[in-house]
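S.K.: My structure is stored as target_28.tsv, with TSV, C-alpha atoms.
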```tsv
chain	number	residue	atom	x	y	z
A	1	MET	CA	-2.05	-13.43	64.13
A	2	THR	CA	-0.85	-14.75	60.81
A	3	GLU	CA	-2.75	-17.95	61.40
A	4	MET	CA	-5.91	-16.03	62.09
A	5	PHE	CA	-5.30	-13.98	58.96
A	6	SER	CA	-4.89	-17.11	56.86
A	7	THR	CA	-8.01	-18.68	58.33
A	8	LEU	CA	-9.99	-15.56	57.65
A	9	PHE	CA	-8.79	-14.86	54.14
A	10	GLY	CA	-7.19	-18.06	52.89
A	11	GLN	CA	-10.34	-20.19	52.87
A	12	ASN	CA	-12.50	-17.54	51.37
A	13	GLU	CA	-10.02	-16.84	48.66
A	14	ALA	CA	-10.12	-20.44	47.74
A	15	GLN	CA	-13.91	-20.28	47.55
A	16	GLY	CA	-14.14	-17.03	45.69
A	17	PRO	CA	-14.18	-16.57	41.95
A	18	PRO	CA	-10.82	-16.48	40.21
A	19	GLY	CA	-11.20	-12.89	39.09
A	20	SER	CA	-11.97	-11.59	42.51
A	21	SER	CA	-9.15	-13.46	44.16
A	22	SER	CA	-6.65	-11.90	41.83
A	23	LEU	CA	-7.93	-8.48	42.82
A	24	GLY	CA	-7.75	-9.31	46.49
A	25	PHE	CA	-11.45	-8.88	47.15
A	26	GLY	CA	-12.93	-9.73	50.49
A	27	PRO	CA	-14.87	-12.90	51.08
A	28	GLY	CA	-17.99	-13.25	49.02
A	29	LYS	CA	-18.54	-9.52	48.67
A	30	PRO	CA	-19.15	-9.26	44.95
A	31	PRO	CA	-22.13	-11.28	43.87
A	32	PRO	CA	-21.45	-13.82	41.17
A	33	PRO	CA	-22.00	-12.49	37.66
A	34	MET	CA	-25.59	-12.81	36.63
A	35	PRO	CA	-26.62	-14.48	33.44
A	36	GLN	CA	-27.80	-12.24	30.63
A	37	ASN	CA	-31.52	-12.71	31.26
A	38	GLN	CA	-31.12	-11.74	34.90
A	39	VAL	CA	-29.04	-8.76	33.97
A	40	SER	CA	-31.73	-7.41	31.74
A	41	MET	CA	-34.20	-7.86	34.55
A	42	ALA	CA	-31.92	-5.97	36.86
A	43	GLY	CA	-32.05	-3.06	34.43
A	44	GLN	CA	-35.84	-2.99	34.74
A	45	MET	CA	-35.85	-3.20	38.49
A	46	PRO	CA	-38.21	-0.82	40.23
A	47	PRO	CA	-36.47	2.24	41.61
A	48	GLN	CA	-37.47	1.61	45.22
A	49	LEU	CA	-35.00	-1.24	45.41
A	50	GLY	CA	-32.03	1.07	45.02
A	51	ASP	CA	-30.27	2.18	48.19
A	52	GLU	CA	-29.02	5.52	47.04
A	53	GLY	CA	-32.30	7.29	46.34
A	54	PRO	CA	-33.12	9.66	43.53
A	55	ALA	CA	-29.58	10.04	42.22
A	56	LEU	CA	-29.66	6.47	40.94
A	57	ARG	CA	-33.09	6.69	39.31
A	58	LYS	CA	-32.20	9.20	36.65
A	59	PRO	CA	-33.33	7.86	33.33
A	60	GLY	CA	-30.01	8.73	31.70
A	61	VAL	CA	-28.14	6.70	34.26
A	62	MET	CA	-30.36	3.62	33.93
A	63	ASN	CA	-28.05	1.75	31.62
A	64	GLU	CA	-28.07	-1.98	31.25
A	65	PRO	CA	-26.64	-3.87	33.05
A	66	PHE	CA	-25.31	-1.17	35.34
A	67	TYR	CA	-28.41	0.00	37.11
A	68	LEU	CA	-26.36	1.40	39.99
A	69	LEU	CA	-24.10	3.37	37.72
A	70	ARG	CA	-23.57	6.99	38.63
A	71	GLU	CA	-22.24	9.82	36.62
A	72	LEU	CA	-18.57	10.42	37.17
A	73	PRO	CA	-17.58	13.51	39.13
A	74	VAL	CA	-16.58	16.52	37.10
A	75	GLY	CA	-12.84	16.70	36.62
A	76	ASN	CA	-12.63	20.45	37.15
A	77	GLU	CA	-13.55	20.18	40.81
A	78	LEU	CA	-10.84	21.42	43.17
A	79	THR	CA	-9.64	18.55	45.31
A	80	GLY	CA	-6.64	17.55	47.34
A	81	ASN	CA	-5.17	16.15	44.12
A	82	THR	CA	-3.86	19.62	43.31
A	83	ASN	CA	-1.29	21.41	45.43
A	84	LEU	CA	-3.59	23.83	47.21
A	85	ILE	CA	-0.74	25.99	48.47
A	86	THR	CA	0.34	26.80	44.93
A	87	HIS	CA	-3.29	27.03	43.81
A	88	TYR	CA	-3.96	29.81	46.29
A	89	ASN	CA	-0.58	31.47	45.66
A	90	LEU	CA	0.69	30.79	49.16
A	91	GLU	CA	4.18	29.61	48.20
A	92	HIS	CA	5.67	32.88	49.37
A	93	ALA	CA	3.98	32.58	52.76
A	94	TYR	CA	4.99	28.93	52.99
A	95	ASN	CA	8.62	29.67	52.22
A	96	LYS	CA	8.59	32.60	54.61
A	97	PHE	CA	7.20	30.74	57.60
A	98	CYS	CA	8.25	27.16	56.97
A	99	GLY	CA	11.53	27.70	55.15
A	100	LYS	CA	13.32	29.21	58.12
A	101	LYS	CA	12.92	28.98	61.85
A	102	VAL	CA	10.30	31.32	63.30
A	103	LYS	CA	11.31	32.73	66.64
A	104	GLU	CA	9.24	31.48	69.51
A	105	LYS	CA	8.63	34.56	71.61
A	106	LEU	CA	6.03	37.25	71.15
A	107	SER	CA	8.67	39.94	71.69
A	108	ASN	CA	10.37	38.72	68.49
A	109	PHE	CA	7.17	39.47	66.60
A	110	LEU	CA	6.61	42.83	68.30
A	111	PRO	CA	10.13	44.01	69.13
A	112	GLU	CA	9.15	47.63	69.63
A	113	LEU	CA	6.42	46.97	72.13
A	114	PRO	CA	7.45	48.14	75.62
A	115	GLY	CA	7.04	45.99	78.68
A	116	MET	CA	7.39	42.27	79.34
A	117	ILE	CA	5.08	40.79	76.75
A	118	ASP	CA	6.47	37.23	76.77
A	119	CYS	CA	4.81	36.37	80.09
A	120	PRO	CA	1.49	34.54	79.87
A	121	GLY	CA	-1.41	36.96	79.87
A	122	THR	CA	-3.30	34.89	82.40
A	123	GLN	CA	-0.75	35.79	85.07
A	124	ASP	CA	-1.62	39.48	85.20
A	125	GLY	CA	-5.13	39.26	83.75
A	126	SER	CA	-4.09	40.90	80.48
A	127	SER	CA	-5.07	38.03	78.20
A	128	LEU	CA	-7.05	38.67	75.04
A	129	ARG	CA	-9.20	35.69	75.85
A	130	SER	CA	-10.44	37.38	79.02
A	131	LEU	CA	-11.27	40.45	76.92
A	132	ILE	CA	-13.51	38.28	74.74
A	133	ASP	CA	-15.01	36.28	77.58
A	134	LYS	CA	-15.65	39.31	79.76
A	135	PRO	CA	-15.84	42.42	77.61
A	136	PRO	CA	-15.35	45.65	79.55
A	137	VAL	CA	-18.43	47.55	80.53
A	138	CYS	CA	-18.12	50.94	78.88
A	139	GLY	CA	-20.05	53.45	76.87
A	140	ASN	CA	-20.18	53.70	73.12
A	141	SER	CA	-18.00	56.77	72.72
A	142	PHE	CA	-14.78	58.23	74.11
A	143	SER	CA	-15.05	61.82	75.27
A	144	PRO	CA	-12.06	63.95	76.24
A	145	LEU	CA	-11.46	64.73	79.90
A	146	THR	CA	-12.42	68.22	80.97
A	147	GLY	CA	-10.75	70.23	83.71
A	148	ALA	CA	-13.02	68.88	86.44
A	149	LEU	CA	-12.42	65.27	85.38
A	150	LEU	CA	-8.68	65.77	85.19
A	151	THR	CA	-8.51	66.62	88.87
A	152	GLY	CA	-8.89	62.90	89.49
A	153	PHE	CA	-5.49	62.35	87.86
A	154	ARG	CA	-3.44	64.52	90.20
A	155	LEU	CA	-0.63	62.28	91.33
A	156	HIS	CA	1.68	62.24	94.28
A	157	THR	CA	5.26	63.18	93.60
A	158	GLY	CA	8.00	60.60	93.71
A	159	PRO	CA	8.85	57.31	92.02
A	160	LEU	CA	6.48	54.39	91.67
A	161	PRO	CA	7.03	51.20	93.67
A	162	GLU	CA	9.19	48.79	91.70
A	163	GLN	CA	6.51	46.25	90.91
A	164	TYR	CA	4.64	48.84	88.86
A	165	ARG	CA	7.63	49.94	86.79
A	166	LEU	CA	6.89	47.58	83.97
A	167	MET	CA	6.97	50.08	81.14
A	168	HIS	CA	10.74	50.48	81.29
A	169	ILE	CA	11.54	46.80	81.20
A	170	GLN	CA	12.54	45.63	77.78
A	171	PRO	CA	13.17	42.06	76.67
A	172	PRO	CA	16.77	41.25	77.65
A	173	LYS	CA	18.04	40.23	74.20
A	174	LYS	CA	17.00	43.44	72.54
A	175	LYS	CA	18.49	45.55	75.30
A	176	SER	CA	21.94	44.02	74.96
A	177	LYS	CA	21.88	44.43	71.19
A	178	HIS	CA	21.00	48.10	71.45
A	179	LYS	CA	23.71	48.76	73.98
A	180	HIS	CA	26.29	47.16	71.76
A	181	LYS	CA	25.27	49.32	68.87
A	182	HIS	CA	25.25	52.52	70.84
A	183	HIS	CA	28.48	52.09	72.71
A	184	ARG	CA	30.74	50.72	70.04
A	185	PRO	CA	31.74	54.09	68.62
A	186	GLN	CA	32.70	55.28	72.11
A	187	ASP	CA	34.80	52.38	73.27
A	188	PRO	CA	36.73	54.04	76.10
A	189	LEU	CA	33.61	55.37	77.86
A	190	PRO	CA	31.62	52.21	78.63
A	191	GLN	CA	34.42	50.88	80.81
A	192	GLU	CA	32.97	52.93	83.62
A	193	THR	CA	29.36	51.76	83.22
A	194	PRO	CA	28.56	48.72	85.37
A	195	SER	CA	25.66	47.37	83.25
A	196	ASP	CA	27.55	46.23	80.19
A	197	SER	CA	26.65	42.98	78.54
A	198	ASP	CA	30.20	41.52	78.61
A	199	PRO	CA	31.71	42.73	81.84
A	200	LYS	CA	34.19	39.86	82.18
A	201	LYS	CA	35.98	40.54	78.93
A	202	LYS	CA	36.23	44.23	79.53
A	203	LYS	CA	37.32	43.77	83.12
A	204	LYS	CA	40.05	41.48	81.94
A	205	LYS	CA	41.23	44.15	79.58
A	206	ARG	CA	41.18	46.67	82.35
A	207	ASP	CA	43.12	44.34	84.61
A	208	ASP	CA	45.66	43.79	81.90
A	209	ASP	CA	46.16	47.44	81.27
A	210	PRO	CA	48.60	48.19	84.13
A	211	ASP	CA	50.70	45.16	83.17
A	212	ARG	CA	50.82	46.37	79.62
A	213	LYS	CA	51.84	49.80	80.76
A	214	LYS	CA	54.64	48.32	82.85
A	215	LYS	CA	55.84	46.27	79.90
A	216	LYS	CA	55.72	49.29	77.67
A	217	LYS	CA	57.72	51.26	80.22
A	218	ASP	CA	60.31	48.50	80.43
A	219	LYS	CA	60.58	48.41	76.65
A	220	LYS	CA	61.03	52.16	76.56
A	221	LYS	CA	63.71	51.93	79.16
A	222	LYS	CA	65.48	49.24	77.20
A	223	LYS	CA	65.29	51.30	74.05
A	224	ASN	CA	66.64	54.29	75.84
A	225	ARG	CA	69.47	52.17	77.13
A	226	HIS	CA	70.33	51.13	73.60
A	227	SER	CA	69.98	54.62	72.24
A	228	PRO	CA	73.18	56.61	71.77
A	229	ASP	CA	71.99	59.25	74.21
A	230	HIS	CA	71.70	56.75	77.02
A	231	PRO	CA	74.75	56.73	79.25
A	232	GLY	CA	74.54	53.01	80.02
A	233	LEU	CA	75.19	51.99	76.40
A	234	ALA	CA	78.69	53.28	76.46
A	235	GLY	CA	79.48	51.35	79.63
A	236	SER	CA	80.49	47.72	79.79
A	237	GLN	CA	77.63	46.69	82.15
A	238	PRO	CA	74.31	46.75	80.13
A	239	ASN	CA	72.39	44.64	82.61
A	240	SER	CA	73.27	46.59	85.68
A	241	ASN	CA	70.09	48.67	85.57
A	242	SER	CA	67.83	45.68	85.10
A	243	LEU	CA	69.35	43.98	88.11
A	244	ARG	CA	68.46	46.90	90.32
B	1	MET	CA	-6.74	46.17	51.95
B	2	ALA	CA	-3.21	46.86	53.14
B	3	GLU	CA	-3.94	50.57	53.59
B	4	ARG	CA	-6.60	49.82	56.16
B	5	PHE	CA	-4.17	47.72	58.15
B	6	ASP	CA	-1.45	50.35	57.79
B	7	ASN	CA	-3.84	52.95	59.11
B	8	LEU	CA	-4.72	50.83	62.14
B	9	GLU	CA	-1.08	49.93	62.71
B	10	GLU	CA	-0.07	53.57	62.64
B	11	HIS	CA	-2.74	54.51	65.16
B	12	LEU	CA	-1.82	51.60	67.41
B	13	GLU	CA	1.85	52.53	67.32
B	14	LYS	CA	1.06	56.13	68.22
B	15	PHE	CA	-1.20	54.95	71.01
B	16	ILE	CA	1.43	52.60	72.43
B	17	GLU	CA	4.10	55.28	72.27
B	18	ASN	CA	1.80	57.71	74.06
B	19	ILE	CA	1.11	55.12	76.76
B	20	ARG	CA	4.85	54.49	77.11
B	21	GLN	CA	5.52	58.20	77.61
B	22	LEU	CA	2.63	58.34	80.05
B	23	GLY	CA	4.22	55.50	81.97
B	24	ILE	CA	7.54	57.33	82.12
B	25	ILE	CA	5.87	60.49	83.44
B	26	VAL	CA	3.97	58.53	86.06
B	27	SER	CA	6.91	56.37	87.13
B	28	ASP	CA	8.70	59.35	88.65
B	29	PHE	CA	6.06	62.00	88.96
B	30	GLN	CA	6.96	65.61	89.56
B	31	PRO	CA	4.47	68.43	90.25
B	32	SER	CA	5.65	70.22	87.13
B	33	SER	CA	4.66	67.28	84.93
B	34	GLN	CA	0.95	67.49	85.76
B	35	ALA	CA	0.21	69.51	82.61
B	36	GLY	CA	2.09	66.95	80.50
B	37	LEU	CA	0.18	64.14	82.16
B	38	ASN	CA	-3.17	65.78	81.41
B	39	GLN	CA	-2.12	66.25	77.79
B	40	LYS	CA	-1.07	62.61	77.49
B	41	LEU	CA	-4.36	61.45	78.99
B	42	ASN	CA	-6.31	63.37	76.40
B	43	PHE	CA	-3.98	62.06	73.66
B	44	MET	CA	-4.84	58.60	74.91
B	45	ILE	CA	-8.55	59.32	74.53
B	46	SER	CA	-8.11	60.74	71.06
B	47	GLY	CA	-5.98	57.70	70.19
B	48	LEU	CA	-8.80	55.41	71.31
B	49	GLN	CA	-11.21	57.43	69.17
B	50	ASP	CA	-8.93	56.96	66.16
B	51	ILE	CA	-8.71	53.22	66.76
B	52	GLU	CA	-12.48	53.09	67.14
B	53	LYS	CA	-12.83	54.74	63.72
B	54	CYS	CA	-10.61	52.06	62.18
B	55	ARG	CA	-13.03	49.38	63.38
B	56	GLN	CA	-15.55	50.36	60.70
B	57	GLN	CA	-13.04	49.59	57.95
B	58	LEU	CA	-12.20	46.14	59.33
B	59	HIS	CA	-15.61	44.62	59.83
B	60	GLU	CA	-15.19	41.62	57.57
B	61	ILE	CA	-11.77	40.63	58.90
B	62	ASN	CA	-11.91	37.36	60.76
B	63	VAL	CA	-9.17	36.39	63.17
B	64	PRO	CA	-8.93	32.79	64.36
B	65	LEU	CA	-9.35	32.46	68.10
B	66	GLU	CA	-6.30	30.21	68.25
B	67	VAL	CA	-4.14	33.22	67.40
B	68	PHE	CA	-5.27	34.88	70.60
B	69	GLU	CA	-4.21	31.80	72.52
B	70	TYR	CA	-0.73	32.05	71.06
B	71	ILE	CA	-0.51	35.73	72.00
B	72	ASP	CA	-1.86	35.07	75.50
B	73	GLN	CA	0.86	32.46	76.00
B	74	GLY	CA	3.54	34.95	74.95
B	75	ARG	CA	4.21	33.05	71.73
B	76	ASN	CA	4.84	34.41	68.29
B	77	PRO	CA	1.53	34.35	66.34
B	78	GLN	CA	3.48	33.62	63.16
B	79	LEU	CA	3.95	30.14	64.62
B	80	TYR	CA	0.22	29.65	64.21
B	81	THR	CA	0.47	30.58	60.53
B	82	LYS	CA	3.41	28.24	60.15
B	83	GLU	CA	1.61	25.35	61.79
B	84	CYS	CA	-1.53	25.99	59.72
B	85	LEU	CA	0.46	25.91	56.49
B	86	GLU	CA	2.31	22.77	57.53
B	87	ARG	CA	-0.93	21.08	58.54
B	88	ALA	CA	-2.61	22.10	55.28
B	89	LEU	CA	0.27	20.72	53.24
B	90	ALA	CA	0.35	17.47	55.20
B	91	ARG	CA	-3.41	17.00	54.77
B	92	ASN	CA	-3.13	17.93	51.10
B	93	GLU	CA	-0.46	15.26	50.63
B	94	GLN	CA	-2.54	12.69	52.49
B	95	VAL	CA	-5.59	13.37	50.33
B	96	LYS	CA	-3.49	13.32	47.19
B	97	GLY	CA	-2.06	9.99	48.25
B	98	LYS	CA	-5.56	8.60	48.74
B	99	ILE	CA	-6.74	9.95	45.40
B	100	ASP	CA	-3.71	8.51	43.62
B	101	THR	CA	-4.23	5.16	45.28
B	102	MET	CA	-7.91	5.10	44.39
B	103	THR	CA	-7.10	6.10	40.82
B	104	LYS	CA	-4.62	3.25	40.53
B	105	PHE	CA	-7.14	0.90	42.09
B	106	LYS	CA	-9.81	2.00	39.63
B	107	SER	CA	-7.65	1.45	36.59
B	108	LEU	CA	-6.48	-1.91	37.90
B	109	LEU	CA	-10.06	-2.92	38.66
B	110	ILE	CA	-11.22	-1.91	35.19
B	111	SER	CA	-8.44	-3.84	33.54
B	112	GLU	CA	-9.05	-6.92	35.67
B	113	LEU	CA	-12.82	-6.74	35.22
B	114	GLY	CA	-12.21	-6.41	31.49
B	115	LYS	CA	-10.45	-9.74	31.59
B	116	VAL	CA	-13.17	-11.52	33.57
B	117	PHE	CA	-16.27	-9.74	32.22
B	118	PRO	CA	-15.26	-8.52	28.78
B	119	GLU	CA	-18.80	-7.97	27.47
B	120	GLU	CA	-20.00	-6.07	30.49
B	121	MET	CA	-16.90	-3.95	30.54
B	122	ALA	CA	-17.34	-3.19	26.87
B	123	LYS	CA	-20.82	-1.91	27.69
B	124	TYR	CA	-19.46	-0.01	30.63
B	125	LYS	CA	-16.88	1.65	28.43
B	126	ALA	CA	-19.55	2.42	25.88
B	127	ILE	CA	-21.50	4.30	28.55
B	128	HIS	CA	-18.63	6.05	30.23
B	129	GLY	CA	-16.25	6.22	27.35
B	130	GLU	CA	-12.61	5.36	27.62
B	131	ASP	CA	-12.34	7.36	30.78
B	132	ALA	CA	-9.92	5.13	32.52
B	133	PRO	CA	-7.91	7.56	34.58
B	134	SER	CA	-4.43	8.23	33.45
B	135	LEU	CA	-1.74	7.20	35.89
```
Produce structure tokens that represent the structure in this file.

M.R.:
Amino acid sequence: MTEMFSTLFGQNEAQGPPGSSSLGFGPGKPPPPMPQNQVSMAGQMPPQLGDEGPALRKPGVMNEPFYLLRELPVGNELTGNTNLITHYNLEHAYNKFCGKKVKEKLSNFLPELPGMIDCPGTQDGSSLRSLIDKPPVCGNSFSPLTGALLTGFRLHTGPLPEQYRLMHIQPPKKKSKHKHKHHRPQDPLPQETPSDSDPKKKKKKRDDDPDRKKKKKDKKKKKNRHSPDHPGLAGSQPNSNSLR
Amino acid sequence: MAERFDNLEEHLEKFIENIRQLGIIVSDFQPSSQAGLNQKLNFMISGLQDIEKCRQQLHEINVPLEVFEYIDQGRNPQLYTKECLERALARNEQVKGKIDTMTKFKSLLISELGKVFPEEMAKYKAIHGEDAPSL
């Protein structure tokens, strides 16, 4: 590759003018500088020779020897040279969304919305895209249901089948948080509820409780033995009770 | 601007809450709850009417279709905003880099051309002024 590069550019650089080689110009791209008489002729060239059309034929721009010279762009123009986020006062939004991690799930954005909203909408046909692609066929206005129309909404008694009970299901994270908050003030009560978020820890505590009670009882017994009221303290065999 | 959104948000929240209560009634329906169900159904219709009224205030609001894709995939739509901002900043930096490079190239070219073609460059500067871009 380097050989090819040198063959492509090395020879041409040697042929090119000294000024262009120092700038790293490509081979033979800039025409050699014209003598003064040719330059003046170039200034009088007919406009149809220009490539760029009417923008180059303005009389104010026809300056010798730069017949292709254009007017410079206005400096006030808004370009990518300026920080467009600060220009449009979006720093706050940028810091808000890009400064910290945005949670991935939709339920984090709409935490109070009931139901499982993190599932793809295409699964149950509830996608917004389908609403756009196939808008529902309906009238222009909503009219309240009268008595006769409401008869169509008489339901059978009893619970719904489980697959339709979606309204009660909350995202799991939120549920556990709420339960923690609600049950903390009443610590003794939730021991009986089976659906706690940390059943292992609490079960361990419950399992430990009888042991603790036994230990406490033993301690009490020991204390009583050492107390002046206890009959064993006066005797010469303090460990006799513990051996039994 | 924000009031219009607040108004819509309030109506949507009421509507969702009404639907949630409707779902609870329906999930374990009792004969005594028929009157409540009828009431909720009519609340739902009035809620839809309220939301329909809000539509007139939000005619010129444009929502990118990509946001809907995020929502349909169960993703947080704020991620779209985040990615847009990041993309805009990256493109902004790219363009700035190109502009800076071209500016440097221009000034270097002018200085080098001034060495090789001093007369022509003097004329050029006479036309354009000393507008060599500052680096």

S.K.: Please identify every residue of chain B that has at least one atom no more than 8 Å from any atom of chain A, counting only C-alpha atoms, and report them as a PDB file with C-alpha atoms, in the coordinates of the input.

M.R.:
```pdb
ATOM      1  CA  ILE B  16       1.430  52.600  72.430  1.00  0.00           C
ATOM      2  CA  ARG B  20       4.850  54.490  77.110  1.00  0.00           C
ATOM      3  CA  GLY B  23       4.220  55.500  81.970  1.00  0.00           C
ATOM      4  CA  ILE B  24       7.540  57.330  82.120  1.00  0.00           C
ATOM      5  CA  VAL B  26       3.970  58.530  86.060  1.00  0.00           C
ATOM      6  CA  SER B  27       6.910  56.370  87.130  1.00  0.00           C
ATOM      7  CA  ASP B  28       8.700  59.350  88.650  1.00  0.00           C
ATOM      8  CA  PHE B  29       6.060  62.000  88.960  1.00  0.00           C
ATOM      9  CA  GLN B  30       6.960  65.610  89.560  1.00  0.00           C
ATOM     10  CA  PRO B  31       4.470  68.430  90.250  1.00  0.00           C
ATOM     11  CA  GLN B  34       0.950  67.490  85.760  1.00  0.00           C
ATOM     12  CA  ASN B  38      -3.170  65.780  81.410  1.00  0.00           C
ATOM     13  CA  LEU B  41      -4.360  61.450  78.990  1.00  0.00           C
ATOM     14  CA  ASN B  42      -6.310  63.370  76.400  1.00  0.00           C
ATOM     15  CA  ILE B  45      -8.550  59.320  74.530  1.00  0.00           C
ATOM     16  CA  SER B  46      -8.110  60.740  71.060  1.00  0.00           C
ATOM     17  CA  LEU B  48      -8.800  55.410  71.310  1.00  0.00           C
ATOM     18  CA  GLN B  49     -11.210  57.430  69.170  1.00  0.00           C
ATOM     19  CA  PHE B  68      -5.270  34.880  70.600  1.00  0.00           C
ATOM     20  CA  GLU B  69      -4.210  31.800  72.520  1.00  0.00           C
ATOM     21  CA  ILE B  71      -0.510  35.730  72.000  1.00  0.00           C
ATOM     22  CA  ASP B  72      -1.860  35.070  75.500  1.00  0.00           C
ATOM     23  CA  GLN B  73       0.860  32.460  76.000  1.00  0.00           C
ATOM     24  CA  GLY B  74       3.540  34.950  74.950  1.00  0.00           C
ATOM     25  CA  ARG B  75       4.210  33.050  71.730  1.00  0.00           C
ATOM     26  CA  ASN B  76       4.840  34.410  68.290  1.00  0.00           C
ATOM     27  CA  PRO B  77       1.530  34.350  66.340  1.00  0.00           C
ATOM     28  CA  GLN B  78       3.480  33.620  63.160  1.00  0.00           C
ATOM     29  CA  LEU B  79       3.950  30.140  64.620  1.00  0.00           C
ATOM     30  CA  THR B  81       0.470  30.580  60.530  1.00  0.00           C
ATOM     31  CA  LYS B  82       3.410  28.240  60.150  1.00  0.00           C
ATOM     32  CA  LEU B  85       0.460  25.910  56.490  1.00  0.00           C
ATOM     33  CA  GLU B  86       2.310  22.770  57.530  1.00  0.00           C
ATOM     34  CA  LEU B  89       0.270  20.720  53.240  1.00  0.00           C
ATOM     35  CA  ASN B  92      -3.130  17.930  51.100  1.00  0.00           C
ATOM     36  CA  GLU B  93      -0.460  15.260  50.630  1.00  0.00           C
ATOM     37  CA  VAL B  95      -5.590  13.370  50.330  1.00  0.00           C
ATOM     38  CA  LYS B  96      -3.490  13.320  47.190  1.00  0.00           C
ATOM     39  CA  ILE B  99      -6.740   9.950  45.400  1.00  0.00           C
ATOM     40  CA  ASP B 100      -3.710   8.510  43.620  1.00  0.00           C
ATOM     41  CA  LEU B 109     -10.060  -2.920  38.660  1.00  0.00           C
ATOM     42  CA  GLU B 112      -9.050  -6.920  35.670  1.00  0.00           C
ATOM     43  CA  LEU B 113     -12.820  -6.740  35.220  1.00  0.00           C
ATOM     44  CA  VAL B 116     -13.170 -11.520  33.570  1.00  0.00           C
ATOM     45  CA  GLU B 120     -20.000  -6.070  30.490  1.00  0.00           C
ATOM     46  CA  TYR B 124     -19.460  -0.010  30.630  1.00  0.00           C
ATOM     47  CA  ILE B 127     -21.500   4.300  28.550  1.00  0.00           C
TER      48      ILE B 127
END
```

S.K.: Within 8 Å of Asn18 in chain B, counting all atoms listed in the file, which residues qualify if same-chain residues fewer than 5 places away don't, as a list in words?

M.R.: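 After dropping sequence-adjacent residues, the list is Lys40, Phe43 and Met44 of chain B.
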
S.K.: Interatomic distance between CA of His128 in chain B and CA of His87 in chain A?

M.R.: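 Spanning CA of His128 in chain B to CA of His87 in chain A is a straight-line distance of 29.3 Å.
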
S.K.: Can you tell me, as a list in words, what residues are no more than 9 Å from Met121 in chain B when counting all atoms listed in the file, ignoring any on the same chain fewer than 6 positions away?

M.R.: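 Listed by chain and then number, they are Ile110, Ser111, Leu113, Gly114 and Lys115 of chain B.
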
S.K.: Suppose you want the space between CA of Tyr67 in chain A and CA of Thr101 in chain B; what is it in Å?

M.R.: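 Computing it gives 26.0 Å between the two atoms.
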
S.K.: Mind pulling up the distance from CA of Leu8 in chain B to CA of Asp50 in chain B?

M.R.: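 Going from CA of Asp50 in chain B over to CA of Leu8 in chain B covers 8.5 Å.
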
S.K.: Which one is closest to Glu13 in chain B: B:Cys54, B:Gly47, B:Ser33, B:Arg91? Count all atoms listed in the file.

M.R.: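 Comparing B:Cys54, B:Gly47, B:Ser33, B:Arg91 against Glu13 in chain B, the winner is B:Gly47.
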
S.K.: Just range 35-43 of chain B, please, as a PDB file, in the first residue's frame (only N, CA, C and O atoms).

M.R.:
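Produced file part-v3.pdb, reproduced below:
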```pdb
ATOM      1  N   ALA B  35     -75.243  -0.672  39.209  1.00  0.00           N
ATOM      2  CA  ALA B  35     -75.453   0.794  39.144  1.00  0.00           C
ATOM      3  C   ALA B  35     -74.109   1.513  39.070  1.00  0.00           C
ATOM      4  O   ALA B  35     -73.930   2.473  38.287  1.00  0.00           O
ATOM      5  N   GLY B  36     -73.149   1.044  39.878  1.00  0.00           N
ATOM      6  CA  GLY B  36     -71.797   1.634  39.852  1.00  0.00           C
ATOM      7  C   GLY B  36     -71.130   1.459  38.504  1.00  0.00           C
ATOM      8  O   GLY B  36     -70.460   2.368  37.996  1.00  0.00           O
ATOM      9  N   LEU B  37     -71.346   0.294  37.917  1.00  0.00           N
ATOM     10  CA  LEU B  37     -70.763   0.020  36.592  1.00  0.00           C
ATOM     11  C   LEU B  37     -71.327   0.971  35.541  1.00  0.00           C
ATOM     12  O   LEU B  37     -70.571   1.548  34.745  1.00  0.00           O
ATOM     13  N   ASN B  38     -72.649   1.147  35.580  1.00  0.00           N
ATOM     14  CA  ASN B  38     -73.292   2.058  34.619  1.00  0.00           C
ATOM     15  C   ASN B  38     -72.749   3.482  34.773  1.00  0.00           C
ATOM     16  O   ASN B  38     -72.484   4.174  33.785  1.00  0.00           O
ATOM     17  N   GLN B  39     -72.571   3.874  36.038  1.00  0.00           N
ATOM     18  CA  GLN B  39     -72.040   5.220  36.307  1.00  0.00           C
ATOM     19  C   GLN B  39     -70.621   5.361  35.741  1.00  0.00           C
ATOM     20  O   GLN B  39     -70.280   6.361  35.108  1.00  0.00           O
ATOM     21  N   LYS B  40     -69.818   4.333  35.987  1.00  0.00           N
ATOM     22  CA  LYS B  40     -68.423   4.378  35.505  1.00  0.00           C
ATOM     23  C   LYS B  40     -68.370   4.422  33.979  1.00  0.00           C
ATOM     24  O   LYS B  40     -67.509   5.090  33.399  1.00  0.00           O
ATOM     25  N   LEU B  41     -69.288   3.692  33.349  1.00  0.00           N
ATOM     26  CA  LEU B  41     -69.310   3.685  31.879  1.00  0.00           C
ATOM     27  C   LEU B  41     -69.611   5.078  31.334  1.00  0.00           C
ATOM     28  O   LEU B  41     -68.989   5.536  30.367  1.00  0.00           O
ATOM     29  N   ASN B  42     -70.549   5.745  31.983  1.00  0.00           N
ATOM     30  CA  ASN B  42     -70.873   7.103  31.522  1.00  0.00           C
ATOM     31  C   ASN B  42     -69.769   8.093  31.874  1.00  0.00           C
ATOM     32  O   ASN B  42     -69.548   9.057  31.136  1.00  0.00           O
ATOM     33  N   PHE B  43     -69.070   7.839  33.000  1.00  0.00           N
ATOM     34  CA  PHE B  43     -67.884   8.664  33.326  1.00  0.00           C
ATOM     35  C   PHE B  43     -66.832   8.504  32.235  1.00  0.00           C
ATOM     36  O   PHE B  43     -66.146   9.450  31.868  1.00  0.00           O
TER      37      PHE B  43
END
```
